[in-house]
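Asker: Below you'll find the structure I mean.
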Amino acid sequence: MITLHGFAASNYYNLVKHVLLHKELPFNEHLIYNNDEQFLAINPMGKVPAITTADRLNIAESSVICDYLEETYPSNTLYPEDSAERAFVRQIMKISELYFELPSRRLIPYVFTGSPAPEHVKDDIRKLLTRGVNALCELTHFSPWIAGEQFSMADIYVYYVNTVVNAFTPKELNWDVLAEIPGLKEWQAKMSQSTIAQQIEADRQANMPEFMQKVTAQILAAQSK
Ligand SMILES: N[C@@H](CCC(=O)N[C@@H](CS)C(=O)NCC(=O)O)C(=O)O
């Protein structure tokens with residue numbers, strides 16, 4: 001059976017979990033945090049999530065795990081058959097990772113330490129997000145799914161990326177980034193209503209107090225050095 005390693009407060013963890021649930025694959029959840037030494041043996045990068053496959057192979061990087069799951073378990077498919085259409089789905093995922101997720105994530109340390117991000121950092125982040133907004137305005141369809149008629153990996157991927165964008169940019173940048181893309185907020189709301197997304201959200205909320213405790217302890221330890 002597949003084991004999913006990580007914690008439910010992580011949006012990357014949750015997007016992989018959503019794929020596993022969508023594909024109706026049996027899996028165990030192994031609760032482990034990045035700073036646990038034991039985790040480095042599973043993922044040398046120390047980043048959540050990772051999976052251990054039924055064949056005892058460890059795989060990390062969420063998009064790589066998504067591809068592995070699709071290729072190994074093609075039922076309830078999440079990529080179009082046509083290679084050009086598949087590339088289009090992956091293009092949307094990659095742009096949302098590079099230009100939405102990663103810039104938004106740069107705000108996290110400032111949020112947790114309570115110190116405001118310097119203006120030059122905010123400017124850098126705004127520039128990257130603007131490129132992402134422009135590209136996603138061109139590429140997304142919401143007809144009814146993000147890449148067109150077929151529900152795809154991009155729907156799951158971008159939905160969980162957007163949870164991070166939405167958690168930090170409105171407050172820290174005073175900018176509702178998601179509202180810039182026509183149709184995106186309505187689609188995000190629809191995605192959040194699925195049974196799978198609701199289960200994942202309940203699990204995320206249950207994990208939040210412990211996650212916050214861990215993060216606070218890490219910050220205090222770093223400050224006392
Ligand atoms: N590129 C990785 C990013 C995963 C990631 O950044 N996960 C966060 C948790 S949400 C993490 O492990 N952060 C700790 C760190 O960056 O060292 C992926 O797609 O899986």
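How things are named: the first chain in the structure tokens is A, the next is B, and so on; residues count from 1 in each chain; ligands count from 1 in the order shown.
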Which neighbours of range 4-19 of chain A fall inside 8 Å, counting only C-alpha atoms, when residues of the same chain fewer than 3 positions from it are skipped, and could you give them as a PyMOL selection string?
Answerer: chain A and resi 22-23+27-34+48-52+62+65-66+69+153+156-157+160-161+163-164+196-197+200+203-205+207-208+211
Asker: Just C-alpha atoms for this one: save the residues we selected as a PDB file, in the first residue's frame.
Answerer:
ATOM      1  CA  HIS A  22      -9.712  11.003  -6.519  1.00  0.00           C
ATOM      2  CA  LYS A  23      -8.141   7.822  -7.848  1.00  0.00           C
ATOM      3  CA  PHE A  27      -3.047   4.693   1.290  1.00  0.00           C
ATOM      4  CA  ASN A  28      -1.729   5.295   4.806  1.00  0.00           C
ATOM      5  CA  GLU A  29      -0.964   8.739   6.145  1.00  0.00           C
ATOM      6  CA  HIS A  30       2.311   8.995   8.058  1.00  0.00           C
ATOM      7  CA  LEU A  31       2.298  12.190  10.117  1.00  0.00           C
ATOM      8  CA  ILE A  32       5.804  13.631  10.050  1.00  0.00           C
ATOM      9  CA  TYR A  33       7.203  17.196   9.983  1.00  0.00           C
ATOM     10  CA  ASN A  34      10.078  18.525   7.854  1.00  0.00           C
ATOM     11  CA  VAL A  48       6.747  17.576   2.467  1.00  0.00           C
ATOM     12  CA  PRO A  49       5.171  15.589   0.842  1.00  0.00           C
ATOM     13  CA  ALA A  50       6.796  12.309  -0.081  1.00  0.00           C
ATOM     14  CA  ILE A  51       5.274   8.928  -0.771  1.00  0.00           C
ATOM     15  CA  THR A  52       6.507   5.386  -0.333  1.00  0.00           C
ATOM     16  CA  SER A  62       4.444  16.908  -5.578  1.00  0.00           C
ATOM     17  CA  ILE A  65       4.305  12.208  -7.400  1.00  0.00           C
ATOM     18  CA  CYS A  66       1.210  13.295  -9.356  1.00  0.00           C
ATOM     19  CA  LEU A  69       0.315   8.154  -9.608  1.00  0.00           C
ATOM     20  CA  MET A 153      -4.522  17.374 -12.549  1.00  0.00           C
ATOM     21  CA  ILE A 156      -6.332  19.823  -8.197  1.00  0.00           C
ATOM     22  CA  TYR A 157      -2.886  21.402  -8.394  1.00  0.00           C
ATOM     23  CA  TYR A 160      -4.170  23.912  -3.547  1.00  0.00           C
ATOM     24  CA  VAL A 161      -1.635  26.456  -4.845  1.00  0.00           C
ATOM     25  CA  THR A 163      -4.969  28.265  -0.903  1.00  0.00           C
ATOM     26  CA  VAL A 164      -1.479  29.665  -0.225  1.00  0.00           C
ATOM     27  CA  ILE A 196     -12.737  15.226  -1.194  1.00  0.00           C
ATOM     28  CA  ALA A 197     -11.779  18.891  -0.718  1.00  0.00           C
ATOM     29  CA  ILE A 200      -9.021  17.443   3.261  1.00  0.00           C
ATOM     30  CA  ASP A 203      -8.060  17.233   8.243  1.00  0.00           C
ATOM     31  CA  ARG A 204      -6.082  20.443   7.627  1.00  0.00           C
ATOM     32  CA  GLN A 205      -7.963  22.267  10.359  1.00  0.00           C
ATOM     33  CA  ASN A 207      -3.672  19.513  12.144  1.00  0.00           C
ATOM     34  CA  MET A 208      -3.334  23.309  12.406  1.00  0.00           C
ATOM     35  CA  PHE A 211       1.538  22.575  13.127  1.00  0.00           C
TER      36      PHE A 211
END
Asker: When DSSP works through the backbone of this structure, what residues of range 14-100 of chain A end up as strand (DSSP E), shown as a CSV table (one decimal) with N, CA, C and O atoms, in the first residue's frame?
Answerer:
chain,number,residue,atom,x,y,z
A,27,PHE,N,-4.3,4.2,0.8
A,27,PHE,CA,-3.0,4.7,1.3
A,27,PHE,C,-3.1,4.9,2.8
A,27,PHE,O,-4.2,5.1,3.4
A,28,ASN,N,-1.9,4.9,3.4
A,28,ASN,CA,-1.7,5.3,4.8
A,28,ASN,C,-1.2,6.7,4.9
A,28,ASN,O,-0.4,7.1,4.0
A,29,GLU,N,-1.6,7.4,5.9
A,29,GLU,CA,-1.0,8.7,6.1
A,29,GLU,C,0.0,8.6,7.3
A,29,GLU,O,-0.3,8.1,8.4
A,30,HIS,N,1.3,9.0,7.0
A,30,HIS,CA,2.3,9.0,8.1
A,30,HIS,C,2.6,10.4,8.5
A,30,HIS,O,3.2,11.2,7.7
A,31,LEU,N,2.1,10.8,9.7
A,31,LEU,CA,2.3,12.2,10.1
A,31,LEU,C,3.8,12.4,10.5
A,31,LEU,O,4.3,11.8,11.4
A,50,ALA,N,6.1,13.4,0.6
A,50,ALA,CA,6.8,12.3,-0.1
A,50,ALA,C,5.8,11.1,0.0
A,50,ALA,O,5.0,11.1,0.9
A,51,ILE,N,6.0,10.2,-0.9
A,51,ILE,CA,5.3,8.9,-0.8
A,51,ILE,C,6.3,7.8,-0.8
A,51,ILE,O,7.4,7.9,-1.3
A,52,THR,N,5.8,6.7,-0.1
A,52,THR,CA,6.5,5.4,-0.3
A,52,THR,C,5.5,4.5,-1.1
A,52,THR,O,4.4,4.4,-0.7
A,58,ASN,N,10.7,5.4,-2.5
A,58,ASN,CA,10.4,6.8,-2.0
A,58,ASN,C,10.4,7.8,-3.1
A,58,ASN,O,11.4,7.8,-3.9
A,59,ILE,N,9.4,8.6,-3.2
A,59,ILE,CA,9.3,9.6,-4.3
A,59,ILE,C,8.9,10.9,-3.6
A,59,ILE,O,7.9,10.9,-2.8
A,60,ALA,N,9.6,12.0,-4.0
A,60,ALA,CA,9.2,13.3,-3.5
A,60,ALA,C,8.9,14.3,-4.7
A,60,ALA,O,9.1,13.9,-5.8
Asker: As a PyMOL selection string, list the residues of range 1-192 of chain A assigned to alpha helix (DSSP H) by DSSP on the backbone atoms of this structure.
Answerer: chain A and resi 11-22+37-40+62-72+83-96+102-105+108-113+119-139+153-172+184-192
Asker: Kindly indicate which residue among A:Pro103, A:Pro109, A:Pro209, A:Pro144 lies nearest to Asn162 in chain A, using only C-alpha atoms for the distances.
Answerer: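 Closest to Asn162 in chain A of all the choices is A:Pro103.
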Asker: Between A:Glu101, A:Glu210, A:Glu180, A:Asp82, which one has atoms that come closest to ligand 1, using only C-alpha atoms and all ligand atoms?
Answerer: A:Glu101
Asker: As an exercise, work out the distance from CA of Gly132 in chain A to CA of Val177 in chain A in Å and give it to one decimal place.
Answerer: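 CA of Val177 in chain A lies 9.7 Å from CA of Gly132 in chain A.
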Asker: Residues near Arg90 in chain A, anyone? I mean within 12 Å using only C-alpha atoms, not counting same-chain ones fewer than 5 positions away, as a list in words.
Answerer: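 Near Arg90 in chain A, the qualifying residues are Ser63, Val64, Cys66, Asp67, Leu78, Tyr79, Pro80, Ser83, Ala84, Glu85, Ile95, Ser96, Glu97, Leu139, Ile146, Ala147, Ser152, Met153, Ala154, Asp155, Ile156, Tyr157 and Val158 of chain A.
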Asker: How far is it from CA of Glu81 in chain A to CA of Pro26 in chain A, in Å with one decimal?
Answerer: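 Calculated distance between CA of Glu81 in chain A and CA of Pro26 in chain A is 24.6 Å.
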Asker: Find the spatial neighbours of Thr53 in chain A, counting only C-alpha atoms, within a cut-off of 7 Å - ignore same-chain residues fewer than 4 positions away - and output them as a PDB file with C-alpha atoms, in the first residue's frame.
Answerer:
ATOM      1  CA  MET A   1       0.000   0.000   0.000  1.00  0.00           C
ATOM      2  CA  ILE A   2       1.119   3.589  -0.650  1.00  0.00           C
ATOM      3  CA  THR A   3       2.216   5.712   2.332  1.00  0.00           C
ATOM      4  CA  LEU A  57      10.226   3.258  -3.496  1.00  0.00           C
ATOM      5  CA  ASN A  58      10.385   6.751  -1.970  1.00  0.00           C
TER       6      ASN A  58
END
Asker: In Å to one decimal, how far is CA of Ala221 in chain A from atom 14 (C, counted along the ligand's line) of ligand 1?
Answerer: 15.9 Å
